[in-house]
$ cat work-v8.csv   # CSV, C-alpha atoms
chain,number,residue,atom,x,y,z
A,1,MET,CA,-1.0,-8.8,2.9
A,2,ARG,CA,-0.3,-5.3,4.0
A,3,PRO,CA,-1.5,-1.9,2.8
A,4,ALA,CA,0.5,-0.4,0.0
A,5,GLU,CA,2.6,2.7,0.5
A,6,PRO,CA,3.5,5.3,-2.1
A,7,GLY,CA,7.0,4.0,-2.2
A,8,ASP,CA,5.8,0.6,-3.5
A,9,VAL,CA,4.9,2.0,-6.9
A,10,GLU,CA,8.2,1.2,-8.7
A,11,VAL,CA,8.4,-2.5,-7.5
A,12,ILE,CA,4.8,-2.9,-8.5
A,13,ALA,CA,5.4,-1.2,-11.9
A,14,GLU,CA,8.3,-3.6,-12.6
A,15,LEU,CA,6.2,-6.7,-11.6
A,16,ARG,CA,3.4,-5.5,-13.9
A,17,ALA,CA,5.8,-5.2,-16.8
A,18,MET,CA,7.2,-8.7,-16.2
A,19,VAL,CA,3.8,-10.4,-15.7
A,20,MET,CA,2.0,-8.7,-18.5
A,21,ARG,CA,4.8,-8.8,-21.1
A,22,PRO,CA,3.9,-12.2,-22.7
A,23,ASP,CA,0.2,-11.3,-23.2
A,24,LEU,CA,0.9,-7.8,-24.4
A,25,GLU,CA,3.5,-9.0,-26.9
A,26,ARG,CA,1.1,-11.7,-28.1
A,27,LEU,CA,-1.5,-9.0,-28.7
A,28,GLY,CA,1.1,-6.6,-30.3
A,29,ARG,CA,0.6,-4.1,-27.5
A,30,PHE,CA,3.8,-4.2,-25.4
A,31,ASP,CA,5.6,-0.9,-24.9
A,32,GLU,CA,8.5,-1.0,-22.4
A,33,HIS,CA,7.7,2.5,-21.1
A,34,ARG,CA,4.0,2.6,-21.3
A,35,VAL,CA,3.4,-0.7,-19.4
A,36,ARG,CA,5.1,0.8,-16.3
A,37,GLN,CA,3.7,4.4,-16.7
A,38,ARG,CA,0.1,3.2,-16.8
A,39,LEU,CA,0.6,1.6,-13.4
A,40,ARG,CA,2.3,4.8,-12.1
A,41,ASP,CA,-0.5,6.9,-13.4
A,42,ALA,CA,-3.3,4.7,-11.9
A,43,PHE,CA,-1.6,3.7,-8.6
A,44,THR,CA,-3.8,4.3,-5.6
A,45,PRO,CA,-2.1,3.1,-2.4
A,46,GLN,CA,-5.2,3.6,-0.3
A,47,TYR,CA,-6.9,0.8,-2.2
A,48,THR,CA,-3.9,-1.4,-2.9
A,49,SER,CA,-2.5,-4.3,-0.9
A,50,VAL,CA,0.9,-5.8,-1.2
A,51,VAL,CA,1.1,-9.6,-1.1
A,52,SER,CA,4.0,-11.2,0.7
A,53,ALA,CA,5.1,-14.8,0.6
A,54,ASP,CA,7.8,-16.1,3.1
A,55,GLY,CA,8.3,-12.5,4.1
A,56,LEU,CA,9.1,-11.3,0.6
A,57,PHE,CA,7.3,-9.1,-1.9
A,58,ALA,CA,5.1,-11.5,-4.0
A,59,GLY,CA,2.6,-9.2,-5.7
A,60,CYS,CA,-0.2,-6.8,-5.3
A,61,VAL,CA,-3.9,-6.3,-5.8
A,62,THR,CA,-6.1,-3.2,-5.9
A,63,LEU,CA,-9.8,-3.2,-4.9
A,64,ARG,CA,-11.3,0.2,-5.4
A,65,PRO,CA,-14.9,1.4,-5.0
A,66,ALA,CA,-16.8,1.8,-8.3
A,67,GLU,CA,-20.1,3.4,-9.1
A,68,ASP,CA,-22.1,0.2,-8.5
A,69,GLY,CA,-19.7,-2.0,-6.6
A,70,TRP,CA,-16.0,-2.7,-6.6
A,71,TRP,CA,-13.3,-2.7,-9.3
A,72,LEU,CA,-10.6,-5.3,-9.0
A,73,GLU,CA,-7.4,-4.3,-10.8
A,74,HIS,CA,-3.6,-4.6,-10.8
A,75,PHE,CA,-3.6,-8.1,-9.5
A,76,TYR,CA,-0.1,-9.4,-10.2
A,77,LEU,CA,1.9,-12.2,-8.6
A,78,ALA,CA,5.5,-13.0,-9.3
A,79,PRO,CA,5.6,-15.7,-12.0
A,80,HIS,CA,7.4,-18.2,-9.8
A,81,LEU,CA,4.5,-18.1,-7.3
A,82,GLN,CA,1.7,-18.5,-9.9
A,83,GLY,CA,-0.2,-21.7,-10.0
A,84,ARG,CA,0.4,-22.5,-6.4
A,85,GLY,CA,-2.9,-21.4,-4.9
A,86,LEU,CA,-1.7,-18.0,-3.7
A,87,GLY,CA,-3.8,-16.1,-6.2
A,88,SER,CA,-6.9,-18.1,-5.2
A,89,ALA,CA,-6.2,-17.4,-1.5
A,90,VAL,CA,-5.9,-13.7,-2.1
A,91,LEU,CA,-9.0,-13.6,-4.3
A,92,ARG,CA,-11.1,-15.6,-1.8
A,93,GLY,CA,-10.2,-13.1,0.9
A,94,LEU,CA,-11.1,-10.1,-1.2
A,95,LEU,CA,-14.4,-11.7,-2.4
A,96,SER,CA,-15.5,-12.6,1.1
A,97,ARG,CA,-15.3,-8.8,1.9
A,98,THR,CA,-17.1,-7.7,-1.2
A,99,ASP,CA,-19.8,-10.4,-0.8
A,100,ALA,CA,-20.5,-8.9,2.6
A,101,ASP,CA,-21.2,-5.6,0.9
A,102,GLY,CA,-23.8,-7.2,-1.4
A,103,VAL,CA,-22.5,-5.5,-4.6
A,104,PRO,CA,-20.8,-6.8,-7.8
A,105,VAL,CA,-17.1,-6.9,-8.5
A,106,ARG,CA,-15.8,-6.0,-12.0
A,107,LEU,CA,-12.4,-6.5,-13.6
A,108,GLN,CA,-10.7,-6.4,-17.0
A,109,VAL,CA,-8.4,-9.1,-18.3
A,110,LEU,CA,-6.5,-9.3,-21.6
A,111,GLN,CA,-7.8,-11.7,-24.3
A,112,GLY,CA,-6.1,-15.0,-24.0
A,113,SER,CA,-4.7,-14.4,-20.5
A,114,ALA,CA,-4.4,-17.4,-18.2
A,115,ALA,CA,-5.7,-15.2,-15.4
A,116,ARG,CA,-9.2,-15.4,-16.9
A,117,ARG,CA,-9.4,-19.1,-15.8
A,118,LEU,CA,-8.6,-18.0,-12.2
A,119,TYR,CA,-11.4,-15.4,-12.3
A,120,GLU,CA,-13.9,-17.9,-13.8
A,121,ARG,CA,-13.1,-20.4,-11.1
A,122,HIS,CA,-14.1,-17.7,-8.6
A,123,GLY,CA,-17.5,-16.9,-10.2
A,124,PHE,CA,-16.7,-14.2,-12.6
A,125,THR,CA,-18.4,-14.2,-16.0
A,126,VAL,CA,-17.9,-12.3,-19.2
A,127,GLU,CA,-19.9,-9.1,-19.4
A,128,THR,CA,-18.4,-7.6,-22.6
A,129,GLN,CA,-15.3,-8.0,-24.6
A,130,ASP,CA,-13.3,-6.5,-27.5
A,131,PRO,CA,-10.3,-7.7,-29.5
A,132,ILE,CA,-7.9,-6.8,-26.6
A,133,ASP,CA,-9.9,-6.9,-23.3
A,134,VAL,CA,-12.4,-9.1,-21.6
A,135,TYR,CA,-14.6,-7.3,-19.0
A,136,MET,CA,-15.9,-9.6,-16.3
A,137,VAL,CA,-18.3,-9.3,-13.4
A,138,ARG,CA,-19.1,-11.3,-10.3
A,139,SER,CA,-22.4,-11.1,-8.5
A,140,PRO,CA,-22.2,-11.2,-4.7
A,141,GLY,CA,-22.0,-14.8,-3.5
A,142,ALA,CA,-21.6,-16.2,-7.0
A,143,ASP,CA,-20.8,-19.9,-6.9
A,144,ALA,CA,-17.2,-20.6,-7.3
A,145,ALA,CA,-15.7,-23.8,-8.6
A,146,VAL,CA,-12.7,-23.8,-6.2
$ encode --input "work-v8.csv" --output "structure tokens"
Amino acid sequence: MRPAEPGDVEVIAELRAMVMRPDLERLGRFDEHRVRQRLRDAFTPQYTSVVSADGLFAGCVTLRPAEDGWWLEHFYLAPHLQGRGLGSAVLRGLLSRTDADGVPVRLQVLQGSAARRLYERHGFTVETQDPIDVYMVRSPGADAAV
């Protein structure tokens, strides 16, 4: 992983559109422009890391400070790299850092997204949910089933 730079925003916005499209379409929420613009509007390079695999862009993740802990967002991996343990490796590294801080980590995932299983395996539990989003939290040092 390396720190993100402002110039990474477009490649990340494209990855977001590709990765989120199936879930957003299933939920009737996909908008070709909005899916990219929301990333552009929220992009914070100082809290974002770019994930590489074999020297190539593979994804990204943002871990930003929140009022009572950390907020994990914009965690996207190229589809051909999903299911191979890369996401778990990235998440383990991030969570070891947040565990050292002794504060919770929160995130939001779309209803029905396969990513929810990844988060549950790493100790996240449902805090609240609505018809579109599931809000999850992980206490410091939560047991993980990985």
$ residues_around --input "work-v8.csv" --residues "Gln111 in chain A" --least-positions-apart "2" --cutoff "8 Å" --atoms "all atoms listed in the file" --output "MDAnalysis selection string"
chainID A and resid 109 113 131:134
$ atom_distance --input "work-v8.csv" --atom1 "CA of Val90 in chain A" --atom2 "CA of Leu77 in chain A"
10.3 Å
$ closest_residue --input "work-v8.csv" --among "A:Arg97, A:Arg138, A:Arg2, A:Arg21" --to "Ser52 in chain A" --atoms "only C-alpha atoms"
A:Arg2
$ residues_around --input "work-v8.csv" --residues "Gly123 in chain A" --least-positions-apart "4" --cutoff "12 Å" --atoms "all atoms listed in the file" --output "compact mmCIF listing (two decimals) with C-alpha atoms, in the frame of the given file"
# COMPACT_ATOMS: atom_id res chain seq x y z
CA SER A 88 -6.90 -18.10 -5.20
CA LEU A 91 -9.00 -13.60 -4.30
CA ARG A 92 -11.10 -15.60 -1.80
CA LEU A 95 -14.40 -11.70 -2.40
CA ASP A 99 -19.80 -10.40 -0.80
CA PRO A 104 -20.80 -6.80 -7.80
CA VAL A 105 -17.10 -6.90 -8.50
CA ARG A 106 -15.80 -6.00 -12.00
CA ARG A 116 -9.20 -15.40 -16.90
CA ARG A 117 -9.40 -19.10 -15.80
CA LEU A 118 -8.60 -18.00 -12.20
CA TYR A 119 -11.40 -15.40 -12.30
CA MET A 136 -15.90 -9.60 -16.30
CA VAL A 137 -18.30 -9.30 -13.40
CA ARG A 138 -19.10 -11.30 -10.30
CA SER A 139 -22.40 -11.10 -8.50
CA PRO A 140 -22.20 -11.20 -4.70
CA GLY A 141 -22.00 -14.80 -3.50
CA ALA A 142 -21.60 -16.20 -7.00
CA ASP A 143 -20.80 -19.90 -6.90
CA ALA A 144 -17.20 -20.60 -7.30
CA ALA A 145 -15.70 -23.80 -8.60
CA VAL A 146 -12.70 -23.80 -6.20
